[in-house]
Each structure stands twice: as C-alpha cells, then as structure tokens.
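J.: Dumping the structure here so I can ask a few things about it.
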Amino acid sequence: MSLNQQHHQESIRYLTTAPFRENDPKFIVAISEVDYELLTANEADFIELLYFKLKNIALRNKILYGLIRCKELKLKDFFQKAYKKERYLDMRLLAIHGLAHYATEEEIDTVIDHFLKILMKRQETTPYNYQEYEFLRSAFGLPLLIKKYGYPCFEKALQQVEKQYDAMPEAFKGHFTFDENGNSIQLRSPRETKLMIERFFAAQNGR
C-alpha cells in the first residue's frame, strides 16, 4: 500500500467515525488528505453527505475540487445540487465543471443561462468583484470548459465575464489567477494588492 493510499484510508476512517467538527484541525487535515481518485462509490456517497453539512466554504471548495476528478463515479445529481447550494460564482463554476462531464449540451445551456443572470447582477451588487472574475476567466475557469467541450454557452459566459472585468477600475485587475490544474498563482504580493485598492478608495473618497 502506498503512502497516499494509507493517508486516504486513515482520513476516510477518521471522517466516518469522529464527531462532526468542521473547524477541528484534525477534521480539516482529514478532508485534505482524502485521495478523491481512490474513492469507492460508498465513500463518495459519504463525502457528498459531508459536503452538504459543511458551512465552511473552504472545505466545500476542497471537496468540489476533489469530486470533479472522479470521472468513474455517477455524480451528476450531486453536481446539480451543489450548483444550487453555492452562492459564489467560482463555486458554482466548479459544480458546472463536474456537471459538464455527465450532462448534455442542452442541460448545460440551461444552467449557464441561470449562471449568466447571476453574473450580470454582480455588476450592480458587487461592482469590484475581482475575486470571482479572476477565477472565471483563468485557465481553470471558463477557458478550460471551452477547450474541453467547445459549447457556445461557455464562450458567451466568458465574453460577459470579460466585459464586466474590463469595466472595473485597474486597481482591481491582475492580482492573481489560476493555472489549468486549479492552482492559485499570485501575480502581485498581498501588500501591493492592498495598497492599490486602498489608494483607489482614498482617491474616491477624496473627490
């Protein structure tokens, strides 16, 4: 048994037997050490139940990232429910990543129509929404879905994202992105990002 397999089995054993305490460091480590590609159907069912109990967005994010790599399991229903559960666009797009593996183009069209309605409202409710936009336009976001599936609805969604991104002040652009594996890449230091945004709001307030 490899070290990865051992960590996986230990993590699953802990998660299925320990009390549900999502802010417990041991609990967080256990979720991080699950090897999602080794999940059995029963283990995946348990992880799905866990996902819907979690309030911690970062942990739900880890599970979504993991389950979109489980191509051999039947997870269409899970990703449909996950899309409805999440409120942030980046989390919804992760659910779409998983759903696209199982759904028809027509089904994805319907989901993206709904996604676009939420996206366009962000311009009014969150005009400086750079965190979500950077994920959506990154190599792991809509461009990867376009590359994999070529659906026009993904192209349409990316065009809208770029339109809203371009409309933002420069102070909110180019701070980070994600590579094709979903890894975050810092393009500026946190300090530089903070200073740019602070300067923007200081200039706004000085008018």
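To be explicit about the labels: the chains of the structure tokens are called A, B, and onward in the order shown, and within each one the residues are counted from 1, while ligands get numbers from 1 in the order they are shown.
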So which residues of range 116-150 of chain A fall under alpha helix (DSSP H) by DSSP, listed as a PyMOL selection string?
T.: chain A and resi 116-125+130-137+142-149
J.: Which residues in chain A does DSSP call strand (DSSP E or B)? List them as a ChimeraX atom specification.
T.: /A:176-178,184-186
J.: For the residues in the current selection, export all heavy atoms as an mmCIF file, in the first residue's frame.
T.:
```
data_model
loop_
_atom_site.group_PDB
_atom_site.id
_atom_site.type_symbol
_atom_site.label_atom_id
_atom_site.label_comp_id
_atom_site.auth_asym_id
_atom_site.auth_seq_id
_atom_site.Cartn_x
_atom_site.Cartn_y
_atom_site.Cartn_z
ATOM 1 N N PHE A 176 -4.151 38.086 -9.157
ATOM 2 C CA PHE A 176 -3.892 36.642 -9.080
ATOM 3 C C PHE A 176 -4.648 35.947 -10.203
ATOM 4 O O PHE A 176 -5.505 36.539 -10.871
ATOM 5 C CB PHE A 176 -4.331 36.071 -7.725
ATOM 6 C CG PHE A 176 -5.826 36.133 -7.488
ATOM 7 C CD1 PHE A 176 -6.654 35.078 -7.819
ATOM 8 C CD2 PHE A 176 -6.408 37.270 -6.927
ATOM 9 C CE1 PHE A 176 -8.024 35.144 -7.605
ATOM 10 C CE2 PHE A 176 -7.777 37.347 -6.711
ATOM 11 C CZ PHE A 176 -8.581 36.280 -7.050
ATOM 12 N N THR A 177 -4.321 34.691 -10.426
ATOM 13 C CA THR A 177 -5.047 33.877 -11.399
ATOM 14 C C THR A 177 -4.941 32.415 -10.970
ATOM 15 O O THR A 177 -4.479 32.113 -9.875
ATOM 16 C CB THR A 177 -4.509 34.094 -12.826
ATOM 17 O OG1 THR A 177 -5.384 33.439 -13.764
ATOM 18 C CG2 THR A 177 -3.091 33.568 -13.001
ATOM 19 N N PHE A 178 -5.400 31.495 -11.833
ATOM 20 C CA PHE A 178 -5.314 30.058 -11.555
ATOM 21 C C PHE A 178 -4.780 29.348 -12.789
ATOM 22 O O PHE A 178 -5.135 29.713 -13.922
ATOM 23 C CB PHE A 178 -6.698 29.484 -11.204
ATOM 24 C CG PHE A 178 -7.261 30.037 -9.928
ATOM 25 C CD1 PHE A 178 -7.923 31.262 -9.906
ATOM 26 C CD2 PHE A 178 -7.120 29.352 -8.735
ATOM 27 C CE1 PHE A 178 -8.436 31.783 -8.731
ATOM 28 C CE2 PHE A 178 -7.629 29.866 -7.547
ATOM 29 C CZ PHE A 178 -8.288 31.091 -7.545
ATOM 30 N N SER A 184 -3.748 28.277 -7.433
ATOM 31 C CA SER A 184 -3.724 29.746 -7.391
ATOM 32 C C SER A 184 -2.310 30.257 -7.672
ATOM 33 O O SER A 184 -1.330 29.701 -7.174
ATOM 34 C CB SER A 184 -4.199 30.216 -6.024
ATOM 35 O OG SER A 184 -4.112 31.622 -5.937
ATOM 36 N N ILE A 185 -2.215 31.311 -8.481
ATOM 37 C CA ILE A 185 -0.935 31.940 -8.796
ATOM 38 C C ILE A 185 -1.033 33.424 -8.440
ATOM 39 O O ILE A 185 -1.854 34.152 -9.004
ATOM 40 C CB ILE A 185 -0.598 31.800 -10.299
ATOM 41 C CG1 ILE A 185 -0.516 30.322 -10.697
ATOM 42 C CG2 ILE A 185 0.710 32.522 -10.631
ATOM 43 C CD1 ILE A 185 -0.434 30.103 -12.196
ATOM 44 N N GLN A 186 -0.205 33.858 -7.487
ATOM 45 C CA GLN A 186 -0.177 35.268 -7.106
ATOM 46 C C GLN A 186 0.619 36.059 -8.146
ATOM 47 O O GLN A 186 1.763 35.713 -8.430
ATOM 48 C CB GLN A 186 0.464 35.441 -5.726
ATOM 49 C CG GLN A 186 -0.377 34.927 -4.573
ATOM 50 C CD GLN A 186 -1.703 35.648 -4.428
ATOM 51 O OE1 GLN A 186 -2.745 35.011 -4.282
ATOM 52 N NE2 GLN A 186 -1.686 36.973 -4.488
#
```
J.: When distances are computed from only C-alpha atoms, which of A:Leu93, A:Glu192, A:Cys153, A:Lys85 shows the smallest separation from Thr110 in chain A?
T.: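 Answer, going by the shortest atom-to-atom distance: A:Cys153.
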J.: May I have the residues within 7 Å of range 86-91 of chain A as a ChimeraX atom specification, using only C-alpha atoms and disregarding those fewer than 4 positions away in the same chain?
T.: /A:61,82,95,132,135-136
J.: For the residues selected in the previous step, produce a file with N, CA, C and O atoms as a PDB file, in the first residue's frame.
T.:
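The result, stored in again13.pdb:
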```
ATOM      1  N   ASN A  61     -15.078  23.793  -0.941  1.00  0.00           N
ATOM      2  CA  ASN A  61     -14.270  24.029  -2.133  1.00  0.00           C
ATOM      3  C   ASN A  61     -13.311  22.860  -2.379  1.00  0.00           C
ATOM      4  O   ASN A  61     -13.177  22.379  -3.516  1.00  0.00           O
ATOM      5  N   ALA A  82     -25.125  20.724  -5.903  1.00  0.00           N
ATOM      6  CA  ALA A  82     -24.039  21.607  -5.459  1.00  0.00           C
ATOM      7  C   ALA A  82     -24.142  22.967  -6.148  1.00  0.00           C
ATOM      8  O   ALA A  82     -23.927  24.006  -5.516  1.00  0.00           O
ATOM      9  N   ALA A  95     -18.932  23.465  -9.700  1.00  0.00           N
ATOM     10  CA  ALA A  95     -20.023  22.489  -9.847  1.00  0.00           C
ATOM     11  C   ALA A  95     -20.336  22.245 -11.321  1.00  0.00           C
ATOM     12  O   ALA A  95     -20.602  21.110 -11.732  1.00  0.00           O
ATOM     13  N   GLU A 132     -14.044  36.810  -7.880  1.00  0.00           N
ATOM     14  CA  GLU A 132     -14.812  35.836  -8.672  1.00  0.00           C
ATOM     15  C   GLU A 132     -14.407  35.905 -10.140  1.00  0.00           C
ATOM     16  O   GLU A 132     -14.210  34.866 -10.783  1.00  0.00           O
ATOM     17  N   PHE A 135     -11.181  34.010 -11.145  1.00  0.00           N
ATOM     18  CA  PHE A 135     -11.333  32.560 -11.257  1.00  0.00           C
ATOM     19  C   PHE A 135     -12.058  32.190 -12.558  1.00  0.00           C
ATOM     20  O   PHE A 135     -11.637  31.293 -13.281  1.00  0.00           O
ATOM     21  N   LEU A 136     -13.136  32.894 -12.856  1.00  0.00           N
ATOM     22  CA  LEU A 136     -13.959  32.557 -14.023  1.00  0.00           C
ATOM     23  C   LEU A 136     -13.174  32.676 -15.332  1.00  0.00           C
ATOM     24  O   LEU A 136     -13.367  31.888 -16.250  1.00  0.00           O
TER      25      LEU A 136
END
```
J.: Write out as a PyMOL selection string the residues lying within 10 Å of range 96-102 of chain A, counting only C-alpha atoms and excluding same-chain residues fewer than 3 positions away.
T.: chain A and resi 64-71+74-83+90-93+105+107-108+111-112+115+140-142+144-145+148-149
J.: For range 45-51 of chain A, work out the shell of residues within 7 Å, counting only C-alpha atoms and skipping chain neighbours fewer than 3 positions away, then give it as a list in words.
T.: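 The filter keeps Ala41, Asn42, Leu54, Arg60 and Ile63 of chain A.
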J.: What's the 7 Å shell around Met168 in chain A, counting only C-alpha atoms, without same-chain residues fewer than 4 positions away, as a ChimeraX atom specification?
T.: /A:128,164,172
J.: What does the file look like for those residues with N, CA and C atoms, as a PDB file, in the first residue's frame?
T.:
```
ATOM      1  N   TYR A 128     -16.885  45.754  -7.769  1.00  0.00           N
ATOM      2  CA  TYR A 128     -15.440  45.469  -7.769  1.00  0.00           C
ATOM      3  C   TYR A 128     -15.197  43.994  -7.452  1.00  0.00           C
ATOM      4  N   GLN A 164     -17.471  42.569 -18.003  1.00  0.00           N
ATOM      5  CA  GLN A 164     -17.612  43.114 -16.650  1.00  0.00           C
ATOM      6  C   GLN A 164     -16.253  43.352 -15.998  1.00  0.00           C
ATOM      7  N   PHE A 172      -8.274  46.855  -9.458  1.00  0.00           N
ATOM      8  CA  PHE A 172      -8.821  45.556  -9.089  1.00  0.00           C
ATOM      9  C   PHE A 172      -8.427  44.444 -10.060  1.00  0.00           C
TER      10      PHE A 172
END
```
J.: Between A:Ser11, A:Ser189, A:Gln160, A:Gln204, which is the closest to Lys26 in chain A once you count only C-alpha atoms?
T.: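 Of A:Ser11, A:Ser189, A:Gln160, A:Gln204, the one nearest Lys26 in chain A is A:Ser11, counting only C-alpha atoms.
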J.: Go through A:Arg199, A:Lys194, A:Lys121, A:Arg13 one by one, measure the shortest atom-to-atom distance of each to Phe27 in chain A using only C-alpha atoms, and give the residue with the smallest value.
T.: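 The closest residue to Phe27 in chain A is A:Arg13.
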J.: Provide the CA of Glu43 in chain A to CA of Gly182 in chain A distance in Å, to one decimal place.
T.: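 Between CA of Glu43 in chain A and CA of Gly182 in chain A the gap is 23.6 Å.
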J.: Set the distance at 8 Å and use only C-alpha atoms: which residues neighbour Val34 in chain A once local chain neighbours fewer than 6 positions away are removed? I'd like the list as a ChimeraX atom specification.
T.: /A:7-9,11-12
J.: Can you tell me how far CA of Glu170 in chain A sits from CA of Arg191 in chain A, in Å to one decimal?
T.: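 Computing the Euclidean distance for CA of Glu170 in chain A and CA of Arg191 in chain A yields 16.3 Å.
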